[in-house]
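Here is data.cif, consisting of mmCIF, C-alpha atoms and all ligand atoms:
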```
data_target
#
loop_
_atom_site.group_PDB
_atom_site.id
_atom_site.type_symbol
_atom_site.label_atom_id
_atom_site.label_comp_id
_atom_site.auth_asym_id
_atom_site.auth_seq_id
_atom_site.Cartn_x
_atom_site.Cartn_y
_atom_site.Cartn_z
ATOM 1 C CA MET H 5 6.735 -159.160 -44.384
ATOM 2 C CA THR H 6 9.751 -159.289 -42.117
ATOM 3 C CA LEU H 7 9.019 -156.495 -39.611
ATOM 4 C CA ASP H 8 6.572 -156.691 -36.708
ATOM 5 C CA ASP H 9 3.863 -154.122 -36.022
ATOM 6 C CA LEU H 10 5.827 -152.320 -33.316
ATOM 7 C CA THR H 11 8.829 -151.869 -35.607
ATOM 8 C CA ILE H 12 6.610 -150.597 -38.440
ATOM 9 C CA GLU H 13 5.028 -148.060 -36.075
ATOM 10 C CA THR H 14 8.421 -146.988 -34.687
ATOM 11 C CA LEU H 15 9.784 -146.407 -38.197
ATOM 12 C CA ALA H 16 6.655 -144.457 -39.181
ATOM 13 C CA GLU H 17 7.036 -142.278 -36.099
ATOM 14 C CA ARG H 18 10.724 -141.700 -36.913
ATOM 15 C CA LEU H 19 10.115 -140.670 -40.524
ATOM 16 C CA GLU H 20 7.095 -138.507 -39.716
ATOM 17 C CA SER H 21 8.963 -136.775 -36.882
ATOM 18 C CA CYS H 22 11.749 -135.905 -39.322
ATOM 19 C CA GLN H 23 9.166 -134.402 -41.654
ATOM 20 C CA LEU H 24 7.430 -132.409 -38.914
ATOM 21 C CA GLN H 25 10.653 -131.273 -37.259
ATOM 22 C CA VAL H 26 12.400 -130.548 -40.585
ATOM 23 C CA ARG H 27 15.454 -132.717 -40.022
ATOM 24 C CA ASP H 28 16.947 -135.574 -41.969
ATOM 25 C CA THR H 29 17.771 -139.136 -40.970
ATOM 26 C CA HIS H 30 19.706 -142.151 -42.194
ATOM 27 C CA ARG H 31 18.154 -144.818 -44.416
ATOM 28 C CA ILE H 32 15.905 -147.227 -42.576
ATOM 29 C CA THR H 33 17.435 -150.132 -44.501
ATOM 30 C CA ASP H 34 20.701 -149.375 -42.673
ATOM 31 C CA ASP H 35 18.912 -150.673 -39.562
ATOM 32 C CA PHE H 36 16.733 -153.286 -41.283
ATOM 33 C CA PRO H 37 18.629 -154.500 -44.372
ATOM 34 C CA GLY H 38 16.320 -157.495 -44.799
ATOM 35 C CA MET H 39 13.090 -155.510 -44.985
ATOM 36 C CA ASP H 40 10.903 -156.215 -48.012
ATOM 37 C CA TRP H 41 8.510 -154.214 -50.201
ATOM 38 C CA GLU H 42 5.509 -155.019 -48.020
ATOM 39 C CA ASP H 43 7.391 -153.726 -44.972
ATOM 40 C CA ALA H 44 8.181 -150.514 -46.856
ATOM 41 C CA TYR H 45 4.578 -149.952 -47.921
ATOM 42 C CA ALA H 46 3.408 -150.825 -44.389
ATOM 43 C CA VAL H 47 5.609 -148.049 -42.926
ATOM 44 C CA GLN H 48 4.215 -145.639 -45.537
ATOM 45 C CA ALA H 49 0.648 -146.681 -44.624
ATOM 46 C CA ALA H 50 1.402 -146.247 -40.920
ATOM 47 C CA ILE H 51 2.538 -142.650 -41.548
ATOM 48 C CA LEU H 52 -0.742 -141.966 -43.349
ATOM 49 C CA ALA H 53 -2.707 -143.568 -40.508
ATOM 50 C CA ARG H 54 -0.951 -141.260 -38.011
ATOM 51 C CA LYS H 55 -1.955 -138.193 -40.037
ATOM 52 C CA LEU H 56 -5.558 -139.344 -40.553
ATOM 53 C CA ALA H 57 -5.851 -140.029 -36.815
ATOM 54 C CA ARG H 58 -4.939 -136.358 -36.229
ATOM 55 C CA GLY H 59 -7.692 -135.220 -38.584
ATOM 56 C CA ARG H 60 -5.780 -134.861 -41.848
ATOM 57 C CA ARG H 61 -7.577 -135.882 -45.025
ATOM 58 C CA LEU H 62 -6.279 -137.773 -48.023
ATOM 59 C CA ALA H 63 -5.854 -135.268 -50.877
ATOM 60 C CA GLY H 64 -4.485 -137.500 -53.615
ATOM 61 C CA LEU H 65 -2.218 -140.324 -54.724
ATOM 62 C CA LYS H 66 1.037 -140.297 -56.644
ATOM 63 C CA ALA H 67 3.332 -142.375 -58.768
ATOM 64 C CA GLY H 68 7.054 -141.777 -58.459
ATOM 65 C CA LEU H 69 10.206 -142.855 -60.285
ATOM 66 C CA THR H 70 8.167 -142.959 -63.466
ATOM 67 C CA SER H 71 10.550 -141.469 -65.992
ATOM 68 C CA MET H 72 12.614 -143.967 -67.972
ATOM 69 C CA ALA H 73 15.829 -142.135 -67.122
ATOM 70 C CA LYS H 74 15.170 -142.147 -63.364
ATOM 71 C CA MET H 75 14.100 -145.812 -63.374
ATOM 72 C CA LYS H 76 17.257 -146.818 -65.222
ATOM 73 C CA GLN H 77 19.325 -144.774 -62.790
ATOM 74 C CA MET H 78 17.677 -146.522 -59.809
ATOM 75 C CA GLY H 79 17.705 -149.971 -61.449
ATOM 76 C CA VAL H 80 13.933 -150.486 -61.261
ATOM 77 C CA THR H 81 11.403 -151.523 -63.864
ATOM 78 C CA SER H 82 8.221 -150.335 -62.202
ATOM 79 C CA PRO H 83 7.246 -147.144 -60.407
ATOM 80 C CA VAL H 84 6.658 -146.595 -56.710
ATOM 81 C CA PHE H 85 3.506 -145.134 -55.185
ATOM 82 C CA GLY H 86 2.539 -142.770 -52.386
ATOM 83 C CA TRP H 87 -0.091 -140.330 -51.166
ATOM 84 C CA MET H 88 -0.642 -136.663 -50.328
ATOM 85 C CA THR H 89 -2.721 -135.288 -47.447
ATOM 86 C CA ASP H 90 -4.593 -131.972 -47.403
ATOM 87 C CA ASP H 91 -1.707 -130.108 -45.739
ATOM 88 C CA TYR H 92 0.482 -130.925 -48.782
ATOM 89 C CA THR H 93 -1.836 -128.894 -51.033
ATOM 90 C CA VAL H 94 -0.617 -125.506 -52.280
ATOM 91 C CA PRO H 95 -3.155 -123.208 -53.952
ATOM 92 C CA HIS H 96 -2.516 -122.327 -57.596
ATOM 93 C CA GLY H 97 0.046 -119.500 -57.479
ATOM 94 C CA GLY H 98 0.449 -119.983 -53.739
ATOM 95 C CA GLU H 99 3.389 -120.030 -51.350
ATOM 96 C CA VAL H 100 5.451 -122.848 -49.870
ATOM 97 C CA ARG H 101 7.263 -122.079 -46.620
ATOM 98 C CA THR H 102 10.774 -123.347 -47.257
ATOM 99 C CA ALA H 103 11.499 -123.414 -43.515
ATOM 100 C CA GLU H 104 9.029 -126.323 -43.276
ATOM 101 C CA LEU H 105 11.066 -128.424 -45.727
ATOM 102 C CA ILE H 106 14.520 -130.031 -45.586
ATOM 103 C CA HIS H 107 15.879 -129.813 -49.158
ATOM 104 C CA PRO H 108 12.948 -129.380 -51.563
ATOM 105 C CA ARG H 109 12.961 -130.116 -55.286
ATOM 106 C CA VAL H 110 10.209 -129.652 -57.865
ATOM 107 C CA GLU H 111 8.995 -131.966 -60.604
ATOM 108 C CA PRO H 112 6.705 -131.204 -63.578
ATOM 109 C CA GLU H 113 3.834 -133.654 -63.734
ATOM 110 C CA ILE H 114 0.453 -134.287 -65.302
ATOM 111 C CA ALA H 115 -2.337 -134.760 -62.763
ATOM 112 C CA PHE H 116 -5.300 -137.016 -63.476
ATOM 113 C CA VAL H 117 -8.723 -136.653 -61.841
ATOM 114 C CA LEU H 118 -10.952 -139.712 -62.106
ATOM 115 C CA LYS H 119 -14.698 -139.751 -62.666
ATOM 116 C CA LYS H 120 -14.927 -143.535 -62.167
ATOM 117 C CA PRO H 121 -13.080 -145.896 -59.834
ATOM 118 C CA LEU H 122 -10.186 -147.961 -61.173
ATOM 119 C CA ARG H 123 -9.366 -151.422 -59.908
ATOM 120 C CA GLY H 124 -6.564 -153.767 -60.896
ATOM 121 C CA PRO H 125 -5.116 -156.217 -61.623
ATOM 122 C CA GLY H 126 -5.398 -155.959 -65.382
ATOM 123 C CA CYS H 127 -5.877 -152.199 -65.478
ATOM 124 C CA HIS H 128 -4.495 -150.680 -68.701
ATOM 125 C CA ILE H 129 -4.195 -147.318 -70.468
ATOM 126 C CA ALA H 130 -7.604 -147.594 -72.140
ATOM 127 C CA ALA H 131 -9.353 -148.205 -68.809
ATOM 128 C CA VAL H 132 -7.549 -145.197 -67.315
ATOM 129 C CA LEU H 133 -8.516 -142.898 -70.177
ATOM 130 C CA GLU H 134 -12.126 -144.065 -69.970
ATOM 131 C CA ALA H 135 -12.212 -143.415 -66.212
ATOM 132 C CA THR H 136 -10.494 -139.994 -66.335
ATOM 133 C CA ASP H 137 -12.579 -136.862 -65.913
ATOM 134 C CA PHE H 138 -9.769 -134.450 -66.827
ATOM 135 C CA VAL H 139 -6.020 -133.897 -66.706
ATOM 136 C CA LEU H 140 -4.194 -130.724 -65.681
ATOM 137 C CA PRO H 141 -0.693 -129.430 -64.937
ATOM 138 C CA GLY H 142 0.778 -130.269 -61.543
ATOM 139 C CA ILE H 143 4.042 -129.406 -59.796
ATOM 140 C CA GLU H 144 5.143 -131.864 -57.135
ATOM 141 C CA VAL H 145 7.486 -130.673 -54.387
ATOM 142 C CA ILE H 146 9.508 -133.630 -53.174
ATOM 143 C CA ASP H 147 11.572 -133.510 -49.983
ATOM 144 C CA SER H 148 13.316 -136.718 -49.001
ATOM 145 C CA ARG H 149 13.612 -137.195 -45.284
ATOM 146 C CA TYR H 150 16.963 -138.905 -45.925
ATOM 147 C CA LYS H 151 20.285 -137.138 -45.612
ATOM 148 C CA ASP H 152 21.463 -135.591 -48.892
ATOM 149 C CA PHE H 153 18.459 -137.099 -50.758
ATOM 150 C CA LYS H 154 20.336 -140.430 -50.740
ATOM 151 C CA PHE H 155 18.248 -143.572 -50.356
ATOM 152 C CA ASP H 156 17.520 -147.033 -51.647
ATOM 153 C CA LEU H 157 14.108 -147.989 -53.002
ATOM 154 C CA LYS H 158 12.638 -149.574 -49.901
ATOM 155 C CA SER H 159 13.720 -146.644 -47.760
ATOM 156 C CA VAL H 160 12.129 -144.172 -50.184
ATOM 157 C CA VAL H 161 8.865 -146.134 -50.370
ATOM 158 C CA ALA H 162 8.695 -146.114 -46.564
ATOM 159 C CA ASP H 163 9.283 -142.343 -46.732
ATOM 160 C CA ASN H 164 6.143 -142.015 -48.889
ATOM 161 C CA THR H 165 8.231 -141.478 -52.045
ATOM 162 C CA SER H 166 9.520 -138.123 -50.749
ATOM 163 C CA ALA H 167 6.061 -136.488 -51.078
ATOM 164 C CA ALA H 168 5.867 -133.036 -49.466
ATOM 165 C CA ARG H 169 3.693 -130.483 -51.333
ATOM 166 C CA PHE H 170 1.921 -130.128 -54.673
ATOM 167 C CA VAL H 171 0.026 -127.596 -56.725
ATOM 168 C CA VAL H 172 -2.339 -128.179 -59.628
ATOM 169 C CA GLY H 173 -3.893 -125.552 -61.841
ATOM 170 C CA GLY H 174 -4.061 -124.264 -65.369
ATOM 171 C CA GLN H 175 -6.683 -125.397 -67.820
ATOM 172 C CA PRO H 176 -8.206 -128.848 -67.172
ATOM 173 C CA ALA H 177 -8.342 -130.853 -70.425
ATOM 174 C CA ARG H 178 -10.328 -133.884 -71.441
ATOM 175 C CA VAL H 179 -8.096 -136.794 -72.388
ATOM 176 C CA ASP H 180 -9.515 -136.883 -75.923
ATOM 177 C CA ALA H 181 -8.483 -133.249 -76.423
ATOM 178 C CA VAL H 182 -4.769 -133.805 -75.857
ATOM 179 C CA ASP H 183 -2.174 -136.400 -76.894
ATOM 180 C CA LEU H 184 -0.641 -137.203 -73.520
ATOM 181 C CA ARG H 185 2.422 -138.798 -75.165
ATOM 182 C CA THR H 186 3.480 -135.808 -77.226
ATOM 183 C CA VAL H 187 2.239 -133.062 -74.935
ATOM 184 C CA GLY H 188 5.149 -130.732 -74.191
ATOM 185 C CA VAL H 189 6.041 -129.353 -70.770
ATOM 186 C CA VAL H 190 8.336 -126.481 -69.820
ATOM 187 C CA LEU H 191 9.318 -125.887 -66.209
ATOM 188 C CA GLU H 192 10.555 -122.389 -65.395
ATOM 189 C CA LYS H 193 12.412 -121.228 -62.308
ATOM 190 C CA ASN H 194 12.521 -117.464 -61.805
ATOM 191 C CA GLY H 195 11.436 -116.960 -65.409
ATOM 192 C CA GLU H 196 14.182 -119.175 -66.874
ATOM 193 C CA PRO H 197 13.328 -122.530 -68.500
ATOM 194 C CA VAL H 198 15.107 -125.206 -66.432
ATOM 195 C CA ALA H 199 13.561 -128.492 -67.591
ATOM 196 C CA PHE H 200 11.646 -129.632 -70.685
ATOM 197 C CA GLY H 201 9.988 -132.827 -71.720
ATOM 198 C CA ALA H 202 7.036 -134.642 -73.229
ATOM 199 C CA GLY H 203 4.424 -136.839 -71.592
ATOM 200 C CA ALA H 204 5.922 -139.997 -73.075
ATOM 201 C CA ALA H 205 8.862 -139.644 -70.658
ATOM 202 C CA VAL H 206 6.491 -141.168 -68.083
ATOM 203 C CA LEU H 207 6.432 -144.882 -68.919
ATOM 204 C CA GLY H 208 5.692 -144.127 -72.592
ATOM 205 C CA HIS H 209 2.320 -142.599 -71.638
ATOM 206 C CA PRO H 210 1.379 -140.969 -68.302
ATOM 207 C CA ALA H 211 -1.826 -143.057 -68.107
ATOM 208 C CA THR H 212 0.402 -146.118 -67.708
ATOM 209 C CA ALA H 213 1.469 -144.795 -64.295
ATOM 210 C CA ILE H 214 -2.186 -144.576 -63.243
ATOM 211 C CA ALA H 215 -2.847 -148.119 -64.502
ATOM 212 C CA GLU H 216 0.172 -149.390 -62.577
ATOM 213 C CA LEU H 217 -1.100 -147.659 -59.439
ATOM 214 C CA ALA H 218 -4.500 -149.360 -59.881
ATOM 215 C CA ASN H 219 -2.730 -152.712 -60.315
ATOM 216 C CA HIS H 220 -0.542 -152.075 -57.269
ATOM 217 C CA LEU H 221 -3.630 -151.303 -55.136
ATOM 218 C CA GLY H 222 -5.600 -154.150 -56.703
ATOM 219 C CA ARG H 223 -2.990 -156.632 -55.508
ATOM 220 C CA ARG H 224 -3.783 -155.327 -52.009
ATOM 221 C CA GLY H 225 -7.565 -155.535 -52.458
ATOM 222 C CA GLN H 226 -7.919 -151.763 -52.885
ATOM 223 C CA GLU H 227 -9.051 -149.488 -55.714
ATOM 224 C CA ILE H 228 -8.607 -145.877 -56.772
ATOM 225 C CA PRO H 229 -11.942 -144.229 -55.925
ATOM 226 C CA ALA H 230 -13.811 -141.942 -58.326
ATOM 227 C CA GLY H 231 -12.833 -138.309 -57.782
ATOM 228 C CA THR H 232 -9.240 -139.132 -56.834
ATOM 229 C CA LEU H 233 -6.495 -136.762 -57.953
ATOM 230 C CA ILE H 234 -3.313 -138.598 -58.968
ATOM 231 C CA LEU H 235 0.098 -137.180 -59.829
ATOM 232 C CA SER H 236 1.361 -139.422 -62.626
ATOM 233 C CA GLY H 237 5.066 -138.803 -62.025
ATOM 234 C CA GLY H 238 7.889 -136.436 -62.887
ATOM 235 C CA ILE H 239 8.458 -135.883 -66.616
ATOM 236 C CA THR H 240 11.958 -134.486 -66.114
ATOM 237 C CA GLU H 241 14.580 -134.633 -63.416
ATOM 238 C CA ALA H 242 13.707 -132.913 -60.138
ATOM 239 C CA VAL H 243 14.974 -129.325 -59.808
ATOM 240 C CA PRO H 244 16.302 -128.044 -56.434
ATOM 241 C CA VAL H 245 14.609 -124.902 -55.088
ATOM 242 C CA ARG H 246 15.154 -122.465 -52.231
ATOM 243 C CA ALA H 247 13.450 -119.494 -50.608
ATOM 244 C CA GLY H 248 12.791 -116.725 -53.121
ATOM 245 C CA ASP H 249 12.296 -119.062 -56.090
ATOM 246 C CA HIS H 250 9.214 -118.797 -58.272
ATOM 247 C CA VAL H 251 8.403 -121.984 -60.202
ATOM 248 C CA CYS H 252 5.982 -122.124 -63.121
ATOM 249 C CA LEU H 253 4.945 -125.139 -65.193
ATOM 250 C CA HIS H 254 3.515 -124.734 -68.692
ATOM 251 C CA VAL H 255 1.837 -127.758 -70.264
ATOM 252 C CA GLN H 256 0.856 -127.608 -73.926
ATOM 253 C CA GLY H 257 -2.909 -127.147 -74.251
ATOM 254 C CA MET H 258 -3.411 -127.131 -70.478
ATOM 255 C CA GLY H 259 -2.145 -123.714 -69.423
ATOM 256 C CA SER H 260 0.155 -123.149 -66.472
ATOM 257 C CA THR H 261 0.396 -123.503 -62.738
ATOM 258 C CA SER H 262 2.927 -122.041 -60.353
ATOM 259 C CA LEU H 263 4.088 -121.668 -56.791
ATOM 260 C CA ARG H 264 6.537 -119.531 -54.881
ATOM 261 C CA PHE H 265 9.021 -120.567 -52.194
ATOM 262 C CA VAL H 266 9.194 -118.091 -49.323
HETATM 263 O O1 LIG J 301 7.851 -138.358 -57.141
HETATM 264 C C1 LIG J 301 8.926 -138.942 -57.358
HETATM 265 O O2 LIG J 301 9.267 -139.353 -58.486
HETATM 266 C C2 LIG J 301 9.880 -139.153 -56.209
HETATM 267 C C3 LIG J 301 10.083 -140.599 -55.983
HETATM 268 C C4 LIG J 301 11.091 -140.829 -54.894
HETATM 269 C C5 LIG J 301 12.487 -140.616 -55.335
HETATM 270 C C6 LIG J 301 12.937 -139.198 -55.172
HETATM 271 O O3 LIG J 301 12.770 -138.627 -54.090
HETATM 272 O O4 LIG J 301 13.489 -138.663 -56.140
HETATM 273 MG MG MG J 302 6.803 -136.879 -58.425
#
```
Show me the file's structure as structure tokens.
Ligand code: 0L1
Ligand code: MG
Amino acid sequence: MTLDDLTIETLAERLESCQLQVRDTHRITDDFPGMDWEDAYAVQAAILARKLARGRRLAGLKAGLTSMAKMKQMGVTSPVFGWMTDDYTVPHGGEVRTAELIHPRVEPEIAFVLKKPLRGPGCHIAAVLEATDFVLPGIEVIDSRYKDFKFDLKSVVADNTSAARFVVGGQPARVDAVDLRTVGVVLEKNGEPVAFGAGAAVLGHPATAIAELANHLGRRGQEIPAGTLILSGGITEAVPVRAGDHVCLHVQGMGSTSLRFV
């Protein structure tokens, strides 16, 4: 690590204030170009600690930058990870108040719910599938706190990988009832298909993202507890949304989930 505790806390306060006050900011690496990955994850953890101290609860974990195309674009070879608190949860078919967000985009994802804990290092697809209770469709709403959605990787990790809202719903499926590589997804905005893909767009198999999360936490002496909901990462590019938009995700064999921006 290169940053001291006070700096980590100051950066967490800055990024969380932008989120709560719905305003953007410049990249934190502009001020701290030498910061490292541990600094970035420490800022992210400090934002979570601030929310938990105010009574928020952890609602789930997420992998981001998981699609091959997005990783190539960003010049990375492994995903990034973040979290969602209870106030990020949108009920199936529910509403998102656009005035609470800066410049939201939506991503089609497959959500995993674990029945057993997962601990890395050495976690792999088979361990994830064995530990998964069910999978179901999920739409993540991302909302970078950085101006014009422009960032570098350490800045975006510190900003909790742009996490903002999410909805899950549809028909939960057991992992032996669906081929998560070939499962097709269609994302509709206002009734029009706007993005399509298959599960394999996420690291070849969405369970790989969960294994990489377990390995990431394992290197820090942590595990993914049983019962955790995890968004495994966007299957397509993120789609910008605005007030009035209705977004619906269909996942083959798992039904649909949706939300509305008001
Ligand atoms: O969930 C995601 O893939 C977002 C990761 C952060 C990068 C972005 O905001 O697009
Ligand atoms: Mg995502």
Identify all residues satisfying the PyMOL selection byres (((chain H and resi 217) around 10) and not hetatm) in the given file; provide them as a compact mmCIF listing (two decimals) with C-alpha atoms, in the coordinates of the input.
```txt
# COMPACT_ATOMS: atom_id res chain seq x y z
CA LEU H 65 -2.22 -140.32 -54.72
CA LYS H 66 1.04 -140.30 -56.64
CA ALA H 67 3.33 -142.38 -58.77
CA PRO H 83 7.25 -147.14 -60.41
CA VAL H 84 6.66 -146.60 -56.71
CA PHE H 85 3.51 -145.13 -55.18
CA GLY H 86 2.54 -142.77 -52.39
CA LEU H 122 -10.19 -147.96 -61.17
CA ARG H 123 -9.37 -151.42 -59.91
CA GLY H 124 -6.56 -153.77 -60.90
CA PRO H 125 -5.12 -156.22 -61.62
CA CYS H 127 -5.88 -152.20 -65.48
CA ALA H 211 -1.83 -143.06 -68.11
CA THR H 212 0.40 -146.12 -67.71
CA ALA H 213 1.47 -144.79 -64.30
CA ILE H 214 -2.19 -144.58 -63.24
CA ALA H 215 -2.85 -148.12 -64.50
CA GLU H 216 0.17 -149.39 -62.58
CA ALA H 218 -4.50 -149.36 -59.88
CA ASN H 219 -2.73 -152.71 -60.32
CA HIS H 220 -0.54 -152.07 -57.27
CA LEU H 221 -3.63 -151.30 -55.14
CA GLY H 222 -5.60 -154.15 -56.70
CA ARG H 223 -2.99 -156.63 -55.51
CA GLU H 227 -9.05 -149.49 -55.71
CA ILE H 228 -8.61 -145.88 -56.77
CA ILE H 234 -3.31 -138.60 -58.97
CA SER H 236 1.36 -139.42 -62.63
```
Nearest to ligand MG 302 (chain J): which of H:Thr11, H:Thr29, H:Ser166, H:Thr102 is it, counting all atoms listed in the file? H:Ser166
Identify, on the basis of all atoms listed in the file, every residue whose closest approach to region 133-136 of chain H does not exceed 10 Å; exclude the query and any residue fewer than 6 positions from it along the same chain; express the result as a ChimeraX atom specification. /H:116-122,178-180,211-212,214-215,230-233
Do you have, as JSON lines, the list of residues of chain H lying at most 8 Å from ligand LIG 301 (chain J), each with its nearest atom pair and that distance in Å to one decimal, counting all atoms listed in the file and ordered by chain then number?
```
{"residue": "H:Lys66", "atom": "CA", "partner": "J:LIG301", "partner_atom": "O1", "distance": 7.1}
{"residue": "H:Ala67", "atom": "CA", "partner": "J:LIG301", "partner_atom": "O1", "distance": 6.3}
{"residue": "H:Gly68", "atom": "CA", "partner": "J:LIG301", "partner_atom": "O2", "distance": 3.3}
{"residue": "H:Leu69", "atom": "CA", "partner": "J:LIG301", "partner_atom": "O2", "distance": 4.0}
{"residue": "H:Thr70", "atom": "CA", "partner": "J:LIG301", "partner_atom": "O2", "distance": 6.2}
{"residue": "H:Ser71", "atom": "CA", "partner": "J:LIG301", "partner_atom": "O2", "distance": 7.9}
{"residue": "H:Val84", "atom": "CA", "partner": "J:LIG301", "partner_atom": "C3", "distance": 6.9}
{"residue": "H:Glu111", "atom": "CA", "partner": "J:LIG301", "partner_atom": "O1", "distance": 7.4}
{"residue": "H:Glu144", "atom": "CA", "partner": "J:LIG301", "partner_atom": "O1", "distance": 7.0}
{"residue": "H:Ile146", "atom": "CA", "partner": "J:LIG301", "partner_atom": "O3", "distance": 6.0}
{"residue": "H:Asp147", "atom": "CA", "partner": "J:LIG301", "partner_atom": "O3", "distance": 6.7}
{"residue": "H:Ser148", "atom": "CA", "partner": "J:LIG301", "partner_atom": "O3", "distance": 5.5}
{"residue": "H:Phe153", "atom": "CA", "partner": "J:LIG301", "partner_atom": "O3", "distance": 6.8}
{"residue": "H:Leu157", "atom": "CA", "partner": "J:LIG301", "partner_atom": "C5", "distance": 7.9}
{"residue": "H:Val160", "atom": "CA", "partner": "J:LIG301", "partner_atom": "C4", "distance": 5.9}
{"residue": "H:Val161", "atom": "CA", "partner": "J:LIG301", "partner_atom": "C4", "distance": 7.3}
{"residue": "H:Asn164", "atom": "CA", "partner": "J:LIG301", "partner_atom": "C4", "distance": 7.9}
{"residue": "H:Thr165", "atom": "CA", "partner": "J:LIG301", "partner_atom": "C4", "distance": 4.1}
{"residue": "H:Ser166", "atom": "CA", "partner": "J:LIG301", "partner_atom": "O3", "distance": 4.7}
{"residue": "H:Ala167", "atom": "CA", "partner": "J:LIG301", "partner_atom": "O1", "distance": 6.6}
{"residue": "H:Gly237", "atom": "CA", "partner": "J:LIG301", "partner_atom": "O2", "distance": 5.5}
{"residue": "H:Gly238", "atom": "CA", "partner": "J:LIG301", "partner_atom": "O2", "distance": 5.5}
{"residue": "H:Ala242", "atom": "CA", "partner": "J:LIG301", "partner_atom": "O4", "distance": 7.0}
```
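Atom to atom, CA of Tyr92 (chain H) and CA of Ala168 (chain H) stand 5.8 Å apart.
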Calculate how many Å separate CA of Leu62 (chain H) from CA of Thr89 (chain H), rounding to one decimal. 4.4 Å
Can you measure CA of Arg31 (chain H) to CA of Ala63 (chain H) for me? One decimal in Å is fine.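 These atoms are spaced 26.6 Å apart.
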Between H:Val245, H:Ala57, H:Ala115, H:Leu253, single out the one closest to ligand MG 302 (chain J), counting all atoms listed in the file.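 Closest residue, counting all atoms listed in the file: H:Ala115.
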One residue among H:Leu7, H:Leu105, H:Val110, H:Val132 is nearest to ligand MG 302 (chain J) when using all atoms listed in the file, and that residue is H:Val110
Keeping N, CA and C atoms (and nothing else), can you write region 55-69 of chain H of this structure as an mmCIF file, in the first residue's frame?
```cif
data_model
loop_
_atom_site.group_PDB
_atom_site.id
_atom_site.type_symbol
_atom_site.label_atom_id
_atom_site.label_comp_id
_atom_site.auth_asym_id
_atom_site.auth_seq_id
_atom_site.Cartn_x
_atom_site.Cartn_y
_atom_site.Cartn_z
ATOM 1 N N LYS H 55 -20.988 2.920 5.145
ATOM 2 C CA LYS H 55 -22.414 2.585 4.997
ATOM 3 C C LYS H 55 -22.864 1.646 6.118
ATOM 4 N N LEU H 56 -22.046 0.636 6.427
ATOM 5 C CA LEU H 56 -22.414 -0.310 7.485
ATOM 6 C C LEU H 56 -22.527 0.416 8.827
ATOM 7 N N ALA H 57 -21.654 1.391 9.048
ATOM 8 C CA ALA H 57 -21.698 2.146 10.309
ATOM 9 C C ALA H 57 -22.997 2.938 10.434
ATOM 10 N N ARG H 58 -23.618 3.262 9.289
ATOM 11 C CA ARG H 58 -24.902 3.987 9.311
ATOM 12 C C ARG H 58 -26.094 3.036 9.298
ATOM 13 N N GLY H 59 -25.818 1.724 9.397
ATOM 14 C CA GLY H 59 -26.904 0.766 9.512
ATOM 15 C C GLY H 59 -27.278 0.053 8.230
ATOM 16 N N ARG H 60 -26.563 0.339 7.138
ATOM 17 C CA ARG H 60 -26.806 -0.400 5.898
ATOM 18 C C ARG H 60 -26.331 -1.839 6.061
ATOM 19 N N ARG H 61 -26.908 -2.731 5.252
ATOM 20 C CA ARG H 61 -26.497 -4.129 5.292
ATOM 21 C C ARG H 61 -25.926 -4.546 3.951
ATOM 22 N N LEU H 62 -24.991 -5.469 3.987
ATOM 23 C CA LEU H 62 -24.425 -5.990 2.744
ATOM 24 C C LEU H 62 -25.494 -6.841 2.058
ATOM 25 N N ALA H 63 -25.756 -6.554 0.775
ATOM 26 C CA ALA H 63 -26.802 -7.291 0.049
ATOM 27 C C ALA H 63 -26.209 -8.257 -0.967
ATOM 28 N N GLY H 64 -24.956 -8.089 -1.327
ATOM 29 C CA GLY H 64 -24.374 -8.991 -2.312
ATOM 30 C C GLY H 64 -22.995 -8.518 -2.741
ATOM 31 N N LEU H 65 -22.376 -9.353 -3.579
ATOM 32 C CA LEU H 65 -21.048 -9.046 -4.124
ATOM 33 C C LEU H 65 -21.144 -9.054 -5.642
ATOM 34 N N LYS H 66 -20.140 -8.505 -6.294
ATOM 35 C CA LYS H 66 -20.178 -8.445 -7.752
ATOM 36 C C LYS H 66 -18.800 -8.588 -8.359
ATOM 37 N N ALA H 67 -18.789 -9.116 -9.563
ATOM 38 C CA ALA H 67 -17.597 -9.073 -10.405
ATOM 39 C C ALA H 67 -17.884 -8.090 -11.528
ATOM 40 N N GLY H 68 -16.878 -7.343 -11.913
ATOM 41 C CA GLY H 68 -17.043 -6.384 -13.006
ATOM 42 C C GLY H 68 -15.929 -6.536 -14.017
ATOM 43 N N LEU H 69 -16.103 -5.921 -15.180
ATOM 44 C CA LEU H 69 -15.147 -6.028 -16.278
ATOM 45 C C LEU H 69 -14.885 -7.486 -16.615
#
```
